[in-house]
>>> print(open('data.cif').read())   # mmCIF, C-alpha atoms (C1' of nucleotides)
data_work
#
loop_
_atom_site.label_atom_id
_atom_site.label_comp_id
_atom_site.auth_asym_id
_atom_site.auth_seq_id
_atom_site.Cartn_x
_atom_site.Cartn_y
_atom_site.Cartn_z
CA MET A 1 87.69 135.88 129.88
CA ARG A 2 86.97 132.90 127.80
CA GLN A 3 89.51 130.42 126.55
CA GLY A 4 91.56 131.28 123.50
CA GLU A 5 90.07 134.70 123.21
CA ASN A 6 91.92 136.86 120.77
CA VAL A 7 93.70 140.10 121.49
CA GLU A 8 91.29 142.32 119.64
CA VAL A 9 88.34 140.98 121.58
CA LEU A 10 90.21 141.63 124.78
CA ILE A 11 90.99 145.18 123.73
CA PHE A 12 87.30 145.83 123.11
CA LYS A 13 86.41 144.20 126.41
CA VAL A 14 88.72 146.56 128.22
CA LEU A 15 87.08 149.54 126.56
CA SER A 16 83.54 148.27 127.05
CA ASN A 17 83.23 149.44 130.60
CA GLU A 18 82.01 152.81 131.85
CA VAL A 19 84.67 153.25 134.48
CA ARG A 20 87.62 152.17 132.38
CA LEU A 21 86.49 154.38 129.51
CA ALA A 22 85.98 157.29 131.88
CA ILE A 23 89.50 156.85 133.24
CA ILE A 24 90.96 156.89 129.75
CA LYS A 25 89.01 160.00 128.87
CA ALA A 26 90.11 161.70 132.06
CA LEU A 27 93.71 160.93 131.16
CA PHE A 28 93.20 162.46 127.71
CA LYS A 29 93.46 165.82 129.44
CA ALA A 30 96.46 165.19 131.63
CA PRO A 31 98.33 162.60 133.68
CA MET A 32 96.82 162.19 137.13
CA SER A 33 97.20 160.48 140.45
CA VAL A 34 94.70 157.84 141.53
CA ASN A 35 92.92 160.25 143.84
CA GLU A 36 92.66 162.83 141.11
CA ILE A 37 91.12 160.24 138.83
CA CYS A 38 88.67 159.26 141.55
CA GLU A 39 87.57 162.86 141.95
CA THR A 40 87.41 163.50 138.23
CA ILE A 41 85.20 160.54 137.44
CA ASN A 42 83.51 160.32 140.83
CA GLU A 43 84.37 156.73 141.64
CA GLU A 44 85.68 154.91 144.66
CA GLN A 45 89.42 154.36 145.06
CA SER A 46 89.55 150.59 145.10
CA ARG A 47 87.33 150.42 142.08
CA VAL A 48 89.60 152.81 140.21
CA SER A 49 92.72 150.92 141.25
CA HIS A 50 91.26 147.66 139.99
CA GLU A 51 90.45 149.18 136.64
CA LEU A 52 93.81 150.90 136.41
CA ARG A 53 95.48 147.55 136.77
CA CYS A 54 93.47 146.28 133.87
CA LEU A 55 94.38 149.33 131.82
CA THR A 56 98.09 149.09 132.56
CA THR A 57 98.19 145.40 131.78
CA CYS A 58 96.62 146.08 128.44
CA GLN A 59 99.03 148.93 127.89
CA PHE A 60 96.52 151.70 127.54
CA VAL A 61 98.16 153.52 130.42
CA TYR A 62 101.39 153.39 132.32
CA PHE A 63 102.40 154.86 135.64
CA LYS A 64 105.30 156.22 137.58
CA ARG A 65 105.70 156.80 141.26
CA GLU A 66 106.01 160.32 142.60
CA GLY A 67 106.53 160.20 146.33
CA LYS A 68 103.47 158.59 147.80
CA LYS A 69 101.44 159.10 144.65
CA MET A 70 101.21 157.06 141.52
CA ILE A 71 100.85 159.15 138.40
CA TYR A 72 98.96 157.48 135.60
CA GLU A 73 99.36 158.57 132.03
CA LEU A 74 98.03 157.49 128.66
CA ASN A 75 100.36 155.30 126.67
CA GLY A 76 100.52 156.64 123.13
CA GLY A 77 97.62 157.51 120.91
CA THR A 78 96.07 154.17 120.13
CA ALA A 79 93.32 154.53 122.72
CA THR A 80 92.39 157.86 121.19
CA GLN A 81 92.25 156.37 117.73
CA ILE A 82 89.98 153.54 118.77
CA ILE A 83 87.67 155.78 120.77
CA ASN A 84 87.47 158.37 118.00
CA ALA A 85 86.48 155.67 115.54
CA ALA A 86 83.78 154.48 117.94
CA GLU A 87 82.55 158.04 118.41
CA ASN A 88 82.20 158.29 114.68
CA HIS A 89 79.91 155.27 114.64
CA ALA A 90 78.01 156.66 117.62
CA LYS A 91 77.51 159.95 115.85
CA LEU A 92 76.01 158.25 112.83
CA PHE A 93 73.91 155.59 114.52
CA GLY A 94 73.81 156.44 118.20
CA ASP A 95 70.11 157.15 118.41
CA ASN A 96 69.21 153.61 117.44
CA ILE A 97 71.78 152.04 119.68
CA LYS A 98 70.53 153.95 122.69
CA GLY A 99 67.29 152.00 122.68
CA CYS A 100 69.07 148.78 123.60
CA ASN A 101 68.32 147.19 126.93
CA THR A 102 70.39 144.07 126.83
CA LEU A 103 73.13 142.89 124.58
CA SER A 104 72.41 139.34 123.49
CA SER A 105 68.68 139.87 123.47
CA ILE A 106 68.32 143.40 122.25
CA LYS A 107 64.76 144.27 121.44
CA GLN A 108 64.70 144.96 117.75
CA LYS A 109 62.25 147.56 116.52
CA SER A 110 62.55 148.42 112.86
CA VAL A 111 66.05 149.69 113.24
CA THR A 112 67.38 147.94 110.20
CA LEU A 113 68.56 149.92 107.23
CA VAL A 114 67.72 148.67 103.79
CA LYS A 115 69.51 150.06 100.80
CA MET J 116 73.79 145.88 130.13
CA ARG J 117 73.91 148.18 133.03
CA GLN J 118 71.69 151.16 133.57
CA GLY J 119 72.52 154.42 131.86
CA GLU J 120 75.35 152.92 129.94
CA ASN J 121 76.58 155.20 127.21
CA VAL J 122 76.58 154.51 123.50
CA GLU J 123 80.32 154.17 123.15
CA VAL J 124 80.49 151.54 125.86
CA LEU J 125 77.74 149.64 124.12
CA ILE J 126 79.58 149.80 120.82
CA PHE J 127 82.67 148.31 122.43
CA LYS J 128 80.56 145.67 124.14
CA VAL J 129 79.16 144.62 120.81
CA LEU J 130 82.65 144.25 119.39
CA SER J 131 84.07 142.50 122.44
CA ASN J 132 82.80 139.07 121.51
CA GLU J 133 84.53 136.45 119.42
CA VAL J 134 81.50 135.47 117.41
CA ARG J 135 80.26 138.96 116.67
CA LEU J 136 83.72 140.09 115.65
CA ALA J 137 84.11 137.00 113.47
CA ILE J 138 80.80 137.77 111.75
CA ILE J 139 81.87 141.32 111.02
CA LYS J 140 85.18 140.13 109.64
CA ALA J 141 83.45 137.55 107.47
CA LEU J 142 81.23 140.29 106.08
CA PHE J 143 84.29 142.40 105.26
CA LYS J 144 84.77 140.10 102.29
CA ALA J 145 81.23 139.97 100.99
CA PRO J 146 77.55 139.99 101.94
CA MET J 147 76.38 136.54 103.01
CA SER J 148 73.37 134.53 104.06
CA VAL J 149 73.10 133.25 107.62
CA ASN J 150 74.12 129.75 106.59
CA GLU J 151 77.11 131.06 104.72
CA ILE J 152 78.17 132.97 107.82
CA CYS J 153 77.75 129.83 109.93
CA GLU J 154 79.99 127.88 107.59
CA THR J 155 82.55 130.64 107.32
CA ILE J 156 83.02 131.10 111.03
CA ASN J 157 82.05 127.58 112.05
CA GLU J 158 79.28 128.42 114.47
CA GLU J 159 75.79 127.16 115.09
CA GLN J 160 72.86 128.83 113.37
CA SER J 161 70.89 129.99 116.37
CA ARG J 162 74.00 131.42 117.88
CA VAL J 163 74.78 133.35 114.73
CA SER J 164 71.20 134.60 114.44
CA HIS J 165 71.30 135.91 118.00
CA GLU J 166 74.49 137.79 117.35
CA LEU J 167 73.26 139.10 114.02
CA ARG J 168 70.33 140.64 115.77
CA CYS J 169 72.68 142.42 118.10
CA LEU J 170 74.76 143.60 115.15
CA THR J 171 71.77 144.88 113.20
CA THR J 172 70.35 146.69 116.19
CA CYS J 173 73.63 148.45 116.67
CA GLN J 174 73.75 149.22 112.97
CA PHE J 175 76.95 147.43 112.17
CA VAL J 176 75.12 145.32 109.62
CA TYR J 177 71.84 145.39 107.77
CA PHE J 178 69.99 142.71 105.86
CA LYS J 179 67.63 142.12 102.99
CA ARG J 180 65.53 139.12 102.15
CA GLU J 181 66.26 137.10 99.06
CA GLY J 182 63.73 134.32 98.76
CA LYS J 183 64.09 132.16 101.80
CA LYS J 184 67.48 133.57 102.63
CA MET J 185 68.45 136.66 104.53
CA ILE J 186 71.50 138.39 103.13
CA TYR J 187 73.55 140.26 105.70
CA GLU J 188 75.86 143.07 104.73
CA LEU J 189 78.15 145.49 106.51
CA ASN J 190 76.70 148.93 107.04
CA GLY J 191 79.27 151.49 106.00
CA GLY J 192 82.87 151.64 107.04
CA THR J 193 82.71 152.52 110.70
CA ALA J 194 83.20 148.94 111.89
CA THR J 195 86.31 148.72 109.75
CA GLN J 196 87.67 151.94 111.21
CA ILE J 197 87.17 150.83 114.77
CA ILE J 198 88.64 147.39 114.17
CA ASN J 199 91.62 148.77 112.30
CA ALA J 200 92.37 151.10 115.18
CA ALA J 201 92.19 148.19 117.60
CA GLU J 202 94.46 146.12 115.38
CA ASN J 203 96.94 148.93 115.53
CA HIS J 204 96.99 148.75 119.32
CA ALA J 205 97.20 144.96 119.14
CA LYS J 206 100.16 145.16 116.81
CA LEU J 207 102.04 147.43 119.18
CA PHE J 208 101.15 145.80 122.50
CA GLY J 209 99.51 142.48 121.73
CA ASP J 210 102.17 140.29 123.25
CA ASN J 211 101.59 141.71 126.70
CA ILE J 212 97.84 141.60 126.42
CA LYS J 213 97.89 137.94 125.44
CA GLY J 214 99.10 136.97 128.88
CA CYS J 215 95.84 138.06 130.47
CA ASN J 216 93.68 135.44 132.09
CA THR J 217 90.79 137.46 133.39
CA LEU J 218 89.69 140.97 132.87
CA SER J 219 89.04 142.50 136.28
CA SER J 220 91.79 140.52 137.94
CA ILE J 221 94.46 140.39 135.30
CA LYS J 222 97.71 139.04 136.66
CA GLN J 223 100.17 141.84 136.31
CA LYS J 224 103.76 140.90 135.60
CA SER J 225 106.08 143.79 134.91
CA VAL J 226 104.22 144.84 131.82
CA THR J 227 104.23 148.50 132.61
CA LEU J 228 106.13 150.93 130.46
CA VAL J 229 108.01 153.70 132.16
CA LYS J 230 109.23 156.63 130.15
"C1'" DT P 231 109.63 153.22 164.49
"C1'" DA P 232 104.87 154.62 164.75
"C1'" DT P 233 101.62 156.92 162.08
"C1'" DT P 234 99.46 158.68 158.16
"C1'" DC P 235 98.75 159.07 153.41
"C1'" DA P 236 98.17 157.02 148.88
"C1'" DT P 237 97.31 153.14 146.61
"C1'" DA P 238 96.89 148.02 145.73
"C1'" DT P 239 94.96 143.55 146.42
"C1'" DG P 240 91.92 139.52 147.80
"C1'" DT P 241 87.60 137.92 147.98
"C1'" DA P 242 82.71 137.23 147.97
"C1'" DT P 243 78.32 138.45 146.21
"C1'" DA P 244 75.58 140.50 142.71
"C1'" DA P 245 74.76 141.31 138.06
"C1'" DA P 246 75.41 140.75 133.19
"C1'" DT P 247 76.40 137.95 129.32
"C1'" DC P 248 76.95 133.67 126.86
"C1'" DT P 249 75.35 129.49 125.06
"C1'" DT P 250 72.37 125.92 123.91
"C1'" DC P 251 68.08 123.71 123.08
"C1'" DA P 252 63.53 123.70 121.82
"C1'" DT P 253 60.39 125.79 119.11
"C1'" DG P 254 58.24 129.50 116.20
"C1'" DT P 255 57.79 132.06 111.70
"C1'" DG P 256 57.99 133.12 106.87
"C1'" DT P 257 58.90 131.61 102.07
"C1'" DA P 258 58.82 128.49 98.35
"C1'" DA P 259 57.93 124.20 96.24
"C1'" DT P 260 55.25 120.00 95.92
"C1'" DA G 261 47.61 122.73 102.23
"C1'" DT G 262 51.43 120.25 103.40
"C1'" DT G 263 56.23 119.90 103.66
"C1'" DA G 264 60.91 121.45 103.63
"C1'" DC G 265 64.13 125.00 104.01
"C1'" DA G 266 66.19 129.15 106.10
"C1'" DC G 267 66.16 131.73 109.80
"C1'" DA G 268 64.48 133.94 114.32
"C1'" DT G 269 63.18 133.78 119.04
"C1'" DG G 270 62.46 132.51 124.09
"C1'" DA G 271 64.19 130.96 127.96
"C1'" DA G 272 67.20 128.75 131.35
"C1'" DG G 273 71.55 127.17 133.14
"C1'" DA G 274 76.47 128.07 132.88
"C1'" DT G 275 80.05 131.29 132.83
"C1'" DT G 276 82.10 135.88 133.20
"C1'" DT G 277 82.46 140.34 134.88
"C1'" DA G 278 81.42 144.07 138.11
"C1'" DT G 279 81.32 145.92 142.57
"C1'" DA G 280 82.14 146.74 147.28
"C1'" DC G 281 84.37 145.83 151.52
"C1'" DA G 282 88.11 144.65 154.28
"C1'" DT G 283 92.73 144.69 154.55
"C1'" DA G 284 97.63 144.92 152.97
"C1'" DT G 285 101.69 147.51 151.24
"C1'" DG G 286 105.03 151.14 150.46
"C1'" DA G 287 106.58 155.92 151.07
"C1'" DA G 288 107.10 159.87 153.80
"C1'" DT G 289 107.02 162.26 158.01
"C1'" DA G 290 106.84 163.00 162.90
#
>>> encode(input="data.cif", output="structure tokens")
Amino acid sequence: MRQGENVEVLIFKVLSNEVRLAIIKALFKAPMSVNEICETINEEQSRVSHELRCLTTCQFVYFKREGKKMIYELNGGTATQIINAAENHAKLFGDNIKGCNTLSSIKQKSVTLVK
Amino acid sequence: MRQGENVEVLIFKVLSNEVRLAIIKALFKAPMSVNEICETINEEQSRVSHELRCLTTCQFVYFKREGKKMIYELNGGTATQIINAAENHAKLFGDNIKGCNTLSSIKQKSVTLVK
DNA sequence: TATTCATATGTATAAATCTTCATGTGTAAT
DNA sequence: ATTACACATGAAGATTTATACATATGAATA
């Protein structure tokens, strides 16, 4: 992260990652242990643990111990709200966005709307 | 961007940048030329142009020429929806998130909620 | 208490993104 | 047609983030 970065930017950074987003979406359905998350999203355990730490720190999920397992659960509905709003944009404009190869240097090909 | 990345992740990536978010927020108020954006958010022109290209490609803004100037304008309300939802999360949990130093290796300090 | 299971953490390399500088392009005015 | 203005683009080095591997930790059970 860069210096002085604001909270909103950080929130979007957390969500702008395939694995973290997949974890959140998996937890939409139900609380799960780490292994269950790994199976659901088909990712390696240490990878998932790293991302879960990020998600708990940013309060998108919390956890509780159950014997040897850690059960992760979504924290409130804010993640859902943000993701739904993004899905709305994706629904409207997704086809254009899909063509992107890089972020800073996206190849622009007559994708601009003009009123 | 990584291979096969989905549209939602890309949308969040676009928003997870100080300058791009600042541009969008500047355009909340009114359509502006590139120079006006530069002055408003206090950033260099080439930087702003690069980020505007990203924003137009992803359909958050569009533009029209007016003489020598290019006037940039927000495209619909989806950006506002997404940002408002993020602000909602920030309002609830921002204090914890602020403590973060890096993204993948956030230092976790008893920030976890337990029901 | 030794072992196994479930998960977390540290770290190094690879990959992506940011940022700046130099320069290119289009429009309008001289 | 030349110049100035407004903006866009290319590219490279700097910085951040992702990813994978090795290993550590805590709980339960033998």
>>> atom_distance(input="data.cif", atom1="CA of Val122 (chain J)", atom2="CA of Leu189 (chain J)")
19.3 Å
>>> closest_atom_pairs(input="data.cif", of="chain J", to="chain G", cutoff="7 Å", atoms="only C-alpha atoms (C1' of nucleotides)", output="JSON lines")
{"residue": "J:Ser164", "atom": "CA", "partner": "G:DA268", "partner_atom": "C1'", "distance": 6.8}
{"residue": "J:Lys183", "atom": "CA", "partner": "G:DA266", "partner_atom": "C1'", "distance": 5.7}
{"residue": "J:Lys184", "atom": "CA", "partner": "G:DA266", "partner_atom": "C1'", "distance": 5.8}
>>> interface_residues(input="data.cif", of="chain P", to="chain A", cutoff="9 Å", atoms="all atoms listed in the file", output="list of chain:residue names")
P:DC235, P:DA236, P:DT237, P:DA238, P:DT239, P:DA246, P:DT247, P:DC248
>>> atom_distance(input="data.cif", atom1="CA of Cys173 (chain J)", atom2="CA of Gly94 (chain A)")
8.1 Å
>>> residues_around(input="data.cif", residues="Ala30 (chain A)", least_positions_apart="2", cutoff="12 Å", atoms="all atoms listed in the file", output="PyMOL selection string")
chain A and resi 23-28+32-33+36-37+40+61+71-75
>>> resolve_selection(input="data.cif", expression="the PyMOL selection byres ((chain J and resi 135) around 10)", output="list in words")
Val9 of chain A; Val129, Leu130, Ser131, Asn132, Glu133, Val134, Leu136, Ala137, Ile138, Ile139, Lys140, Ala141, Arg162, Val163, His165, Glu166, Leu167, Cys169 and Leu170 of chain J
>>> write_last_selection(input="data.cif", atoms="C-alpha atoms", output="short mmCIF file (atom, residue, chain, number, x, y, z; two decimals), keeping the file's coordinate frame")
data_model
loop_
_atom_site.label_atom_id
_atom_site.label_comp_id
_atom_site.auth_asym_id
_atom_site.auth_seq_id
_atom_site.Cartn_x
_atom_site.Cartn_y
_atom_site.Cartn_z
CA VAL A 9 88.34 140.98 121.58
CA VAL J 129 79.16 144.62 120.81
CA LEU J 130 82.65 144.25 119.39
CA SER J 131 84.07 142.50 122.44
CA ASN J 132 82.80 139.07 121.51
CA GLU J 133 84.53 136.45 119.42
CA VAL J 134 81.50 135.47 117.41
CA LEU J 136 83.72 140.09 115.65
CA ALA J 137 84.11 137.00 113.47
CA ILE J 138 80.80 137.77 111.75
CA ILE J 139 81.87 141.32 111.02
CA LYS J 140 85.18 140.13 109.64
CA ALA J 141 83.45 137.55 107.47
CA ARG J 162 74.00 131.42 117.88
CA VAL J 163 74.78 133.35 114.73
CA HIS J 165 71.30 135.91 118.00
CA GLU J 166 74.49 137.79 117.35
CA LEU J 167 73.26 139.10 114.02
CA CYS J 169 72.68 142.42 118.10
CA LEU J 170 74.76 143.60 115.15
#
>>> atom_distance(input="data.cif", atom1="CA of Phe60 (chain A)", atom2="CA of His204 (chain J)")
8.7 Å
>>> closest_residue(input="data.cif", among="J:Lys144, J:Glu158, J:Ile198, J:Phe127", to="chain A", atoms="all atoms listed in the file")
J:Phe127
>>> closest_residue(input="data.cif", among="A:Glu44, A:Ala85, A:Lys91, A:Gly77", to="chain J", atoms="all atoms listed in the file")
A:Ala85
>>> closest_residue(input="data.cif", among="A:Glu8, A:Glu66, A:Ile41, A:Thr56", to="Asn203 (chain J)", atoms="only C-alpha atoms")
A:Glu8
>>> closest_residue(input="data.cif", among="J:Pro146, J:Leu207, J:Glu154, J:Gln196", to="chain A", atoms="only C-alpha atoms")
J:Gln196
>>> decode(input="data.cif", residues="region 231-258 of chain P", atoms="N, CA and C atoms (P, O5', C5', C4', C3', O3' and C1' of nucleotides)", output="CSV table (one decimal), in the first residue's frame")
chain,number,residue,atom,x,y,z
P,231,DT,P,4.6,-34.2,29.2
P,231,DT,O5',5.7,-34.8,28.3
P,231,DT,C5',5.8,-36.3,28.3
P,231,DT,C4',5.6,-36.7,26.8
P,231,DT,C3',5.9,-35.6,25.8
P,231,DT,O3',6.2,-36.1,24.5
P,231,DT,C1',3.7,-36.2,25.6
P,232,DA,P,7.6,-36.7,24.1
P,232,DA,O5',7.2,-37.4,22.7
P,232,DA,C5',6.6,-38.7,22.8
P,232,DA,C4',5.7,-39.0,21.6
P,232,DA,C3',6.1,-38.3,20.3
P,232,DA,O3',5.8,-39.3,19.3
P,232,DA,C1',3.9,-37.6,20.8
P,233,DT,P,6.2,-39.0,17.8
P,233,DT,O5',4.8,-38.8,17.1
P,233,DT,C5',3.7,-39.8,17.4
P,233,DT,C4',2.4,-39.3,16.8
P,233,DT,C3',2.6,-38.6,15.4
P,233,DT,O3',1.7,-39.2,14.5
P,233,DT,C1',1.3,-37.3,16.8
P,234,DT,P,1.8,-38.9,12.9
P,234,DT,O5',0.3,-38.4,12.6
P,234,DT,C5',-0.8,-38.9,13.4
P,234,DT,C4',-1.9,-37.9,13.3
P,234,DT,C3',-2.0,-37.2,12.0
P,234,DT,O3',-3.3,-37.1,11.6
P,234,DT,C1',-1.9,-35.6,13.7
P,235,DC,P,-3.8,-36.8,10.1
P,235,DC,O5',-4.8,-35.7,10.3
P,235,DC,C5',-5.7,-35.7,11.4
P,235,DC,C4',-6.2,-34.3,11.7
P,235,DC,C3',-6.5,-33.4,10.5
P,235,DC,O3',-7.7,-32.9,10.7
P,235,DC,C1',-5.0,-32.3,12.0
P,236,DA,P,-8.5,-32.1,9.5
P,236,DA,O5',-8.2,-30.6,9.9
P,236,DA,C5',-8.7,-30.0,11.0
P,236,DA,C4',-8.2,-28.6,11.2
P,236,DA,C3',-8.3,-27.8,9.9
P,236,DA,O3',-9.1,-26.7,10.2
P,236,DA,C1',-6.2,-27.6,10.8
P,237,DT,P,-9.4,-25.6,9.0
P,237,DT,O5',-8.2,-24.6,9.3
P,237,DT,C5',-8.1,-24.0,10.6
P,237,DT,C4',-6.8,-23.3,10.7
P,237,DT,C3',-6.5,-22.2,9.7
P,237,DT,O3',-6.6,-21.0,10.5
P,237,DT,C1',-4.6,-23.4,10.1
P,238,DA,P,-6.4,-19.6,9.8
P,238,DA,O5',-4.8,-19.3,10.3
P,238,DA,C5',-4.5,-19.4,11.6
P,238,DA,C4',-3.0,-19.0,11.8
P,238,DA,C3',-2.6,-17.7,11.1
P,238,DA,O3',-1.9,-16.9,12.1
P,238,DA,C1',-1.2,-19.4,10.3
P,239,DT,P,-1.4,-15.4,11.8
P,239,DT,O5',0.0,-15.6,11.3
P,239,DT,C5',1.0,-16.3,12.1
P,239,DT,C4',2.3,-16.5,11.3
P,239,DT,C3',2.8,-15.2,10.6
P,239,DT,O3',4.0,-14.9,11.1
P,239,DT,C1',3.0,-17.1,9.2
P,240,DG,P,4.8,-13.5,10.9
P,240,DG,O5',6.0,-14.0,10.0
P,240,DG,C5',6.8,-15.1,10.5
P,240,DG,C4',7.9,-15.4,9.4
P,240,DG,C3',8.5,-14.1,8.8
P,240,DG,O3',9.9,-14.3,8.7
P,240,DG,C1',7.6,-15.6,7.1
P,241,DT,P,10.8,-13.2,8.1
P,241,DT,O5',11.1,-13.7,6.6
P,241,DT,C5',11.2,-15.1,6.4
P,241,DT,C4',11.4,-15.4,4.9
P,241,DT,C3',11.9,-14.2,4.1
P,241,DT,O3',12.7,-14.6,3.1
P,241,DT,C1',9.9,-15.0,3.2
P,242,DA,P,14.0,-13.8,2.6
P,242,DA,O5',14.2,-14.3,1.1
P,242,DA,C5',14.0,-15.7,0.9
P,242,DA,C4',13.4,-15.9,-0.5
P,242,DA,C3',13.9,-14.9,-1.5
P,242,DA,O3',14.2,-15.6,-2.7
P,242,DA,C1',11.6,-14.8,-1.4
P,243,DT,P,15.1,-14.9,-3.9
P,243,DT,O5',14.1,-15.1,-5.2
P,243,DT,C5',13.5,-16.3,-5.4
P,243,DT,C4',12.3,-16.1,-6.2
P,243,DT,C3',12.5,-15.3,-7.4
P,243,DT,O3',12.0,-16.0,-8.5
P,243,DT,C1',10.6,-14.5,-6.2
P,244,DA,P,12.1,-15.4,-10.0
P,244,DA,O5',10.6,-15.1,-10.3
P,244,DA,C5',9.6,-16.1,-9.9
P,244,DA,C4',8.2,-15.5,-10.2
P,244,DA,C3',8.1,-14.8,-11.6
P,244,DA,O3',6.9,-15.2,-12.2
P,244,DA,C1',7.6,-13.3,-9.9
P,245,DA,P,6.5,-14.7,-13.7
P,245,DA,O5',5.4,-13.6,-13.4
P,245,DA,C5',4.3,-13.9,-12.6
P,245,DA,C4',3.6,-12.6,-12.3
P,245,DA,C3',3.4,-11.7,-13.5
P,245,DA,O3',2.0,-11.6,-13.6
P,245,DA,C1',4.2,-10.4,-11.7
P,246,DA,P,1.3,-10.7,-14.8
P,246,DA,O5',0.9,-9.4,-13.9
P,246,DA,C5',0.1,-9.5,-12.8
P,246,DA,C4',0.0,-8.2,-12.1
P,246,DA,C3',-0.6,-7.1,-13.0
P,246,DA,O3',-1.7,-6.5,-12.3
P,246,DA,C1',1.4,-6.4,-12.0
P,247,DT,P,-2.5,-5.4,-13.0
P,247,DT,O5',-1.9,-4.1,-12.3
P,247,DT,C5',-1.8,-3.9,-10.9
P,247,DT,C4',-1.1,-2.7,-10.6
P,247,DT,C3',-1.6,-1.4,-11.3
P,247,DT,O3',-2.0,-0.5,-10.3
P,247,DT,C1',0.8,-1.6,-11.4
P,248,DC,P,-2.4,1.0,-10.7
P,248,DC,O5',-1.1,1.8,-10.4
P,248,DC,C5',-0.4,1.6,-9.2
P,248,DC,C4',0.8,2.5,-9.0
P,248,DC,C3',0.6,3.9,-9.3
P,248,DC,O3',1.3,4.6,-8.3
P,248,DC,C1',2.3,3.1,-10.7
P,249,DT,P,1.1,6.2,-8.0
P,249,DT,O5',2.2,6.8,-8.9
P,249,DT,C5',3.6,6.6,-8.6
P,249,DT,C4',4.4,7.2,-9.7
P,249,DT,C3',4.0,8.6,-10.2
P,249,DT,O3',5.0,9.5,-9.7
P,249,DT,C1',4.7,7.1,-12.0
P,250,DT,P,4.9,11.1,-10.0
P,250,DT,O5',6.0,11.3,-11.1
P,250,DT,C5',7.1,10.5,-11.1
P,250,DT,C4',7.9,10.6,-12.4
P,250,DT,C3',7.8,11.9,-13.1
P,250,DT,O3',9.2,12.4,-13.3
P,250,DT,C1',7.3,10.2,-14.6
P,251,DC,P,9.5,13.8,-13.8
P,251,DC,O5',10.0,13.5,-15.3
P,251,DC,C5',10.9,12.4,-15.5
P,251,DC,C4',11.1,12.2,-17.0
P,251,DC,C3',11.1,13.5,-17.8
P,251,DC,O3',12.1,13.4,-18.8
P,251,DC,C1',9.4,12.0,-18.6
P,252,DA,P,12.6,14.7,-19.6
P,252,DA,O5',12.4,14.1,-21.1
P,252,DA,C5',12.7,12.7,-21.4
P,252,DA,C4',11.9,12.3,-22.6
P,252,DA,C3',11.9,13.4,-23.7
P,252,DA,O3',12.3,12.9,-25.0
P,252,DA,C1',9.7,12.7,-23.2
P,253,DT,P,12.4,13.8,-26.3
P,253,DT,O5',11.0,13.5,-27.0
P,253,DT,C5',10.6,12.2,-27.2
P,253,DT,C4',9.2,12.1,-27.6
P,253,DT,C3',8.8,13.0,-28.8
P,253,DT,O3',8.1,12.3,-29.7
P,253,DT,C1',7.2,13.2,-27.1
P,254,DG,P,8.0,12.8,-31.3
P,254,DG,O5',6.5,12.3,-31.6
P,254,DG,C5',6.1,11.1,-31.1
P,254,DG,C4',4.5,11.1,-31.1
P,254,DG,C3',3.9,11.8,-32.3
P,254,DG,O3',2.8,11.1,-32.8
P,254,DG,C1',3.2,12.9,-30.3
P,255,DT,P,2.2,11.4,-34.2
P,255,DT,O5',0.8,12.1,-33.8
P,255,DT,C5',0.0,11.4,-32.8
P,255,DT,C4',-1.3,12.3,-32.6
P,255,DT,C3',-1.8,13.0,-33.8
P,255,DT,O3',-3.2,12.9,-33.8
P,255,DT,C1',-1.4,14.5,-32.0
P,256,DG,P,-4.0,13.2,-35.2
P,256,DG,O5',-5.0,14.4,-34.7
P,256,DG,C5',-5.9,14.1,-33.6
P,256,DG,C4',-6.4,15.4,-33.1
P,256,DG,C3',-7.0,16.3,-34.2
P,256,DG,O3',-8.2,16.9,-33.7
P,256,DG,C1',-5.3,17.5,-32.9
P,257,DT,P,-9.2,17.6,-34.7
P,257,DT,O5',-9.3,19.1,-34.1
P,257,DT,C5',-9.6,19.3,-32.8
P,257,DT,C4',-9.2,20.7,-32.4
P,257,DT,C3',-9.7,21.7,-33.4
P,257,DT,O3',-10.6,22.6,-32.6
P,257,DT,C1',-7.4,22.1,-32.8
P,258,DA,P,-11.4,23.7,-33.4
P,258,DA,O5',-10.6,25.0,-33.1
P,258,DA,C5',-10.2,25.3,-31.8
P,258,DA,C4',-9.2,26.5,-31.7
P,258,DA,C3',-9.6,27.7,-32.6
P,258,DA,O3',-9.4,28.8,-31.9
P,258,DA,C1',-7.4,27.0,-33.2
